[in-house]
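The next block is my_file_18.cif, given as mmCIF, N, CA and C atoms.
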```cif
data_upload
#
loop_
_atom_site.label_atom_id
_atom_site.label_comp_id
_atom_site.auth_asym_id
_atom_site.auth_seq_id
_atom_site.Cartn_x
_atom_site.Cartn_y
_atom_site.Cartn_z
N MET A 1 -0.91 -3.19 -8.23
CA MET A 1 0.21 -4.08 -8.09
C MET A 1 1.18 -3.60 -7.02
N GLN A 2 1.36 -2.28 -6.91
CA GLN A 2 2.24 -1.76 -5.88
C GLN A 2 1.70 -2.09 -4.49
N CYS A 3 0.41 -2.10 -4.34
CA CYS A 3 -0.19 -2.40 -3.05
C CYS A 3 0.14 -3.83 -2.63
N ARG A 4 -0.05 -4.79 -3.52
CA ARG A 4 0.27 -6.18 -3.20
C ARG A 4 1.76 -6.35 -2.94
N ALA A 5 2.59 -5.67 -3.73
CA ALA A 5 4.03 -5.77 -3.54
C ALA A 5 4.45 -5.19 -2.19
N ALA A 6 3.87 -4.07 -1.83
CA ALA A 6 4.20 -3.45 -0.54
C ALA A 6 3.77 -4.35 0.61
N ARG A 7 2.59 -4.94 0.49
CA ARG A 7 2.16 -5.87 1.54
C ARG A 7 3.12 -7.04 1.65
N GLY A 8 3.59 -7.52 0.53
CA GLY A 8 4.54 -8.64 0.52
C GLY A 8 5.84 -8.28 1.21
N LEU A 9 6.34 -7.07 0.96
CA LEU A 9 7.57 -6.63 1.61
C LEU A 9 7.43 -6.60 3.13
N LEU A 10 6.25 -6.24 3.57
CA LEU A 10 5.99 -6.10 5.01
C LEU A 10 5.42 -7.37 5.64
N ASP A 11 5.10 -8.34 4.81
CA ASP A 11 4.44 -9.57 5.26
C ASP A 11 3.11 -9.25 5.94
N TRP A 12 2.36 -8.33 5.33
CA TRP A 12 1.05 -7.94 5.84
C TRP A 12 -0.04 -8.68 5.07
N SER A 13 -1.07 -9.06 5.76
CA SER A 13 -2.27 -9.59 5.10
C SER A 13 -3.12 -8.40 4.64
N GLN A 14 -4.15 -8.68 3.86
CA GLN A 14 -5.06 -7.61 3.49
C GLN A 14 -5.72 -7.01 4.73
N GLN A 15 -6.00 -7.85 5.72
CA GLN A 15 -6.60 -7.34 6.96
C GLN A 15 -5.63 -6.44 7.71
N ASP A 16 -4.35 -6.79 7.72
CA ASP A 16 -3.34 -5.93 8.37
C ASP A 16 -3.36 -4.54 7.75
N LEU A 17 -3.36 -4.49 6.42
CA LEU A 17 -3.39 -3.20 5.73
C LEU A 17 -4.67 -2.45 6.05
N ALA A 18 -5.79 -3.13 6.00
CA ALA A 18 -7.07 -2.48 6.30
C ALA A 18 -7.05 -1.87 7.70
N ASP A 19 -6.54 -2.61 8.66
CA ASP A 19 -6.47 -2.12 10.03
C ASP A 19 -5.57 -0.89 10.15
N ARG A 20 -4.40 -0.97 9.53
CA ARG A 20 -3.44 0.13 9.65
C ARG A 20 -3.88 1.38 8.89
N ALA A 21 -4.56 1.19 7.77
CA ALA A 21 -5.04 2.33 6.98
C ALA A 21 -6.42 2.80 7.43
N LYS A 22 -7.03 2.04 8.34
CA LYS A 22 -8.37 2.36 8.84
C LYS A 22 -9.40 2.41 7.71
N VAL A 23 -9.34 1.37 6.85
CA VAL A 23 -10.33 1.18 5.80
C VAL A 23 -10.87 -0.23 5.93
N GLY A 24 -11.94 -0.52 5.23
CA GLY A 24 -12.51 -1.85 5.28
C GLY A 24 -11.72 -2.85 4.45
N ILE A 25 -11.83 -4.10 4.82
CA ILE A 25 -11.15 -5.17 4.09
C ILE A 25 -11.66 -5.22 2.65
N VAL A 26 -12.93 -4.95 2.44
CA VAL A 26 -13.48 -4.95 1.08
C VAL A 26 -12.81 -3.86 0.24
N THR A 27 -12.52 -2.73 0.84
CA THR A 27 -11.83 -1.65 0.14
C THR A 27 -10.46 -2.10 -0.33
N VAL A 28 -9.73 -2.79 0.53
CA VAL A 28 -8.40 -3.29 0.15
C VAL A 28 -8.53 -4.31 -0.97
N ARG A 29 -9.48 -5.21 -0.86
CA ARG A 29 -9.68 -6.22 -1.91
C ARG A 29 -10.01 -5.58 -3.25
N GLN A 30 -10.89 -4.59 -3.23
CA GLN A 30 -11.26 -3.90 -4.47
C GLN A 30 -10.08 -3.12 -5.04
N LEU A 31 -9.30 -2.51 -4.18
CA LEU A 31 -8.13 -1.76 -4.63
C LEU A 31 -7.16 -2.68 -5.35
N GLU A 32 -6.88 -3.82 -4.75
CA GLU A 32 -5.92 -4.75 -5.34
C GLU A 32 -6.46 -5.44 -6.58
N ALA A 33 -7.76 -5.67 -6.63
CA ALA A 33 -8.36 -6.33 -7.78
C ALA A 33 -8.57 -5.37 -8.94
N GLY A 34 -8.58 -4.07 -8.64
CA GLY A 34 -8.80 -3.08 -9.68
C GLY A 34 -10.23 -3.06 -10.20
N THR A 35 -11.17 -3.51 -9.38
CA THR A 35 -12.56 -3.59 -9.82
C THR A 35 -13.29 -2.26 -9.73
N HIS A 36 -12.79 -1.34 -8.92
CA HIS A 36 -13.40 -0.03 -8.77
C HIS A 36 -12.30 1.03 -8.80
N GLU A 37 -12.66 2.21 -9.25
CA GLU A 37 -11.73 3.34 -9.20
C GLU A 37 -11.71 3.84 -7.76
N PRO A 38 -10.55 3.74 -7.09
CA PRO A 38 -10.50 4.15 -5.68
C PRO A 38 -10.57 5.67 -5.52
N ARG A 39 -11.08 6.08 -4.40
CA ARG A 39 -11.10 7.51 -4.07
C ARG A 39 -9.68 7.96 -3.76
N ARG A 40 -9.42 9.21 -4.02
CA ARG A 40 -8.10 9.76 -3.69
C ARG A 40 -7.80 9.63 -2.20
N SER A 41 -8.82 9.85 -1.39
CA SER A 41 -8.62 9.78 0.06
C SER A 41 -8.24 8.36 0.48
N THR A 42 -8.80 7.37 -0.18
CA THR A 42 -8.44 5.98 0.12
C THR A 42 -7.00 5.71 -0.25
N LEU A 43 -6.61 6.12 -1.45
CA LEU A 43 -5.22 5.93 -1.87
C LEU A 43 -4.26 6.63 -0.91
N GLN A 44 -4.64 7.79 -0.44
CA GLN A 44 -3.78 8.56 0.47
C GLN A 44 -3.58 7.83 1.80
N VAL A 45 -4.66 7.33 2.41
CA VAL A 45 -4.51 6.68 3.71
C VAL A 45 -3.75 5.36 3.58
N VAL A 46 -3.94 4.66 2.46
CA VAL A 46 -3.20 3.41 2.23
C VAL A 46 -1.71 3.73 2.05
N ARG A 47 -1.42 4.74 1.26
CA ARG A 47 -0.02 5.12 1.04
C ARG A 47 0.64 5.56 2.35
N LEU A 48 -0.06 6.34 3.14
CA LEU A 48 0.49 6.79 4.42
C LEU A 48 0.77 5.63 5.36
N ALA A 49 -0.11 4.64 5.37
CA ALA A 49 0.10 3.46 6.22
C ALA A 49 1.37 2.72 5.79
N PHE A 50 1.53 2.54 4.49
CA PHE A 50 2.73 1.88 3.98
C PHE A 50 3.99 2.70 4.28
N GLU A 51 3.93 3.98 4.03
CA GLU A 51 5.10 4.83 4.25
C GLU A 51 5.49 4.86 5.72
N ALA A 52 4.52 4.84 6.62
CA ALA A 52 4.81 4.81 8.06
C ALA A 52 5.55 3.53 8.44
N ALA A 53 5.31 2.48 7.67
CA ALA A 53 5.96 1.19 7.94
C ALA A 53 7.30 1.06 7.20
N GLY A 54 7.68 2.09 6.44
CA GLY A 54 8.98 2.08 5.79
C GLY A 54 9.00 1.77 4.31
N VAL A 55 7.84 1.76 3.68
CA VAL A 55 7.77 1.48 2.24
C VAL A 55 7.99 2.78 1.46
N LEU A 56 8.81 2.69 0.42
CA LEU A 56 9.01 3.79 -0.51
C LEU A 56 8.39 3.41 -1.84
N PHE A 57 7.64 4.32 -2.42
CA PHE A 57 7.02 4.08 -3.72
C PHE A 57 7.92 4.64 -4.81
N ILE A 58 8.16 3.84 -5.83
CA ILE A 58 9.02 4.23 -6.94
C ILE A 58 8.12 4.55 -8.12
N ASP A 59 8.23 5.77 -8.63
CA ASP A 59 7.40 6.20 -9.75
C ASP A 59 7.80 5.49 -11.04
N GLU A 60 6.87 5.48 -11.96
CA GLU A 60 7.13 4.97 -13.30
C GLU A 60 8.24 5.83 -13.91
N ASN A 61 9.30 5.20 -14.33
CA ASN A 61 10.42 5.96 -14.90
C ASN A 61 11.02 5.23 -16.09
N GLY A 62 10.19 4.51 -16.78
CA GLY A 62 10.67 3.74 -17.91
C GLY A 62 10.94 2.29 -17.55
N GLY A 63 11.20 2.04 -16.27
CA GLY A 63 11.45 0.69 -15.81
C GLY A 63 10.25 0.09 -15.09
N GLY A 64 9.20 0.87 -14.95
CA GLY A 64 8.01 0.40 -14.26
C GLY A 64 7.94 0.90 -12.84
N ALA A 65 6.74 1.11 -12.37
CA ALA A 65 6.52 1.55 -10.99
C ALA A 65 6.86 0.40 -10.06
N GLY A 66 7.23 0.73 -8.83
CA GLY A 66 7.58 -0.31 -7.88
C GLY A 66 7.57 0.18 -6.45
N VAL A 67 8.04 -0.67 -5.56
CA VAL A 67 8.14 -0.34 -4.14
C VAL A 67 9.43 -0.94 -3.59
N ARG A 68 9.91 -0.38 -2.53
CA ARG A 68 11.04 -0.96 -1.80
C ARG A 68 10.97 -0.47 -0.37
N LEU A 69 11.73 -1.13 0.49
CA LEU A 69 11.78 -0.71 1.90
C LEU A 69 12.85 0.36 2.08
N ARG A 70 12.53 1.32 2.93
CA ARG A 70 13.48 2.36 3.26
C ARG A 70 14.68 1.74 3.93
N LYS A 71 15.85 2.23 3.63
CA LYS A 71 17.08 1.74 4.22
C LYS A 71 17.07 2.02 5.72
N SER A 72 17.44 1.02 6.49
CA SER A 72 17.47 1.14 7.94
C SER A 72 18.50 2.19 8.35
N SER A 73 18.19 2.95 9.37
CA SER A 73 19.12 4.00 9.83
C SER A 73 20.12 3.47 10.82
N ARG A 74 20.13 2.18 11.06
CA ARG A 74 21.08 1.59 12.02
C ARG A 74 22.42 1.38 11.41
#
```
File written out as structure tokens:
Amino acid sequence: MQCRAARGLLDWSQQDLADRAKVGIVTVRQLEAGTHEPRRSTLQVVRLAFEAAGVLFIDENGGGAGVRLRKSSR
């Protein structure tokens, strides 16, 4: 769910994420559908792609895991 939410914040398609994370589109689809247990390396490259674009991941803290955009430094 965080993956879809992060893509929404950035207005990225699944293909945009696949390109930026250098993974296949099928990998992104499977990740978002939860049909397969993703490899740690896949999760890492996807997370790095999002973080490079300004996404912050919010850990589960009783209110649920989430994402938000990093505050602009301007």
| said: Given the point (-9.4, -3.8, -2.1) in the file's coordinates, find the residues that have an atom at most 12 Å from it, counting only C-alpha atoms, and give them as a list in words. | reply: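 With a cut-off of 12 Å, the residues come to Met1, Cys3, Arg4, Ser13, Gln14, Gln15, Leu17, Ala18, Ala21, Val23, Gly24, Ile25, Val26, Thr27, Val28, Arg29, Gln30, Leu31, Glu32, Ala33, Gly34, Thr35, His36, Glu37, Pro38, Arg39, Thr42, Leu43 and Val46 of chain A.
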| message | Going by DSSP on the backbone, which residues of chain A come out as strand (DSSP E)? List them as a ChimeraX atom specification. | response | /A:55-58,66-69
| message | Could you tell me how far atom C of Asp19 (chain A) sits from CA of Ala49 (chain A), in Å to one decimal place? | response |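 Separation between CA of Ala49 (chain A) and atom C of Asp19 (chain A): 8.2 Å.
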| d(CA of Lys22 (chain A), CA of Glu60 (chain A)) in Å |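 Going from CA of Lys22 (chain A) over to CA of Glu60 (chain A), I get 27.2 Å.
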Counting all atoms listed in the file, write as a PDB file with N, CA and C atoms, in the coordinates of the input all protein and nucleic acid residues lying at most 6 Å from (5.7, -0.5, -1.7) in the file's frame.
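To be explicit, this is the file written out as selection_0.pdb:
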```pdb
ATOM      1  N   GLN A   2       1.360  -2.280  -6.910  1.00  0.00           N
ATOM      2  CA  GLN A   2       2.240  -1.760  -5.880  1.00  0.00           C
ATOM      3  C   GLN A   2       1.700  -2.090  -4.490  1.00  0.00           C
ATOM      4  N   ALA A   5       2.590  -5.670  -3.730  1.00  0.00           N
ATOM      5  CA  ALA A   5       4.030  -5.770  -3.540  1.00  0.00           C
ATOM      6  C   ALA A   5       4.450  -5.190  -2.190  1.00  0.00           C
ATOM      7  N   ALA A   6       3.870  -4.070  -1.830  1.00  0.00           N
ATOM      8  CA  ALA A   6       4.200  -3.450  -0.540  1.00  0.00           C
ATOM      9  C   ALA A   6       3.770  -4.350   0.610  1.00  0.00           C
ATOM     10  N   ARG A   7       2.590  -4.940   0.490  1.00  0.00           N
ATOM     11  CA  ARG A   7       2.160  -5.870   1.540  1.00  0.00           C
ATOM     12  C   ARG A   7       3.120  -7.040   1.650  1.00  0.00           C
ATOM     13  N   VAL A  55       7.840   1.760   3.680  1.00  0.00           N
ATOM     14  CA  VAL A  55       7.770   1.480   2.240  1.00  0.00           C
ATOM     15  C   VAL A  55       7.990   2.780   1.460  1.00  0.00           C
ATOM     16  N   LEU A  56       8.810   2.690   0.420  1.00  0.00           N
ATOM     17  CA  LEU A  56       9.010   3.790  -0.510  1.00  0.00           C
ATOM     18  C   LEU A  56       8.390   3.410  -1.840  1.00  0.00           C
ATOM     19  N   PHE A  57       7.640   4.320  -2.420  1.00  0.00           N
ATOM     20  CA  PHE A  57       7.020   4.080  -3.720  1.00  0.00           C
ATOM     21  C   PHE A  57       7.920   4.640  -4.810  1.00  0.00           C
ATOM     22  N   GLY A  66       7.230   0.730  -8.830  1.00  0.00           N
ATOM     23  CA  GLY A  66       7.580  -0.310  -7.880  1.00  0.00           C
ATOM     24  C   GLY A  66       7.570   0.180  -6.450  1.00  0.00           C
ATOM     25  N   VAL A  67       8.040  -0.670  -5.560  1.00  0.00           N
ATOM     26  CA  VAL A  67       8.140  -0.340  -4.140  1.00  0.00           C
ATOM     27  C   VAL A  67       9.430  -0.940  -3.590  1.00  0.00           C
ATOM     28  N   ARG A  68       9.910  -0.380  -2.530  1.00  0.00           N
ATOM     29  CA  ARG A  68      11.040  -0.960  -1.800  1.00  0.00           C
ATOM     30  C   ARG A  68      10.970  -0.470  -0.370  1.00  0.00           C
TER      31      ARG A  68
END
```
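Going from CA of Val45 (chain A) to CA of Leu10 (chain A) covers 16.6 Å.
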| request: Could you check which of A:Arg47, A:Leu9, A:Arg20, A:Ser41 is closest to Arg70 (chain A), using only C-alpha atoms? | output: A:Leu9
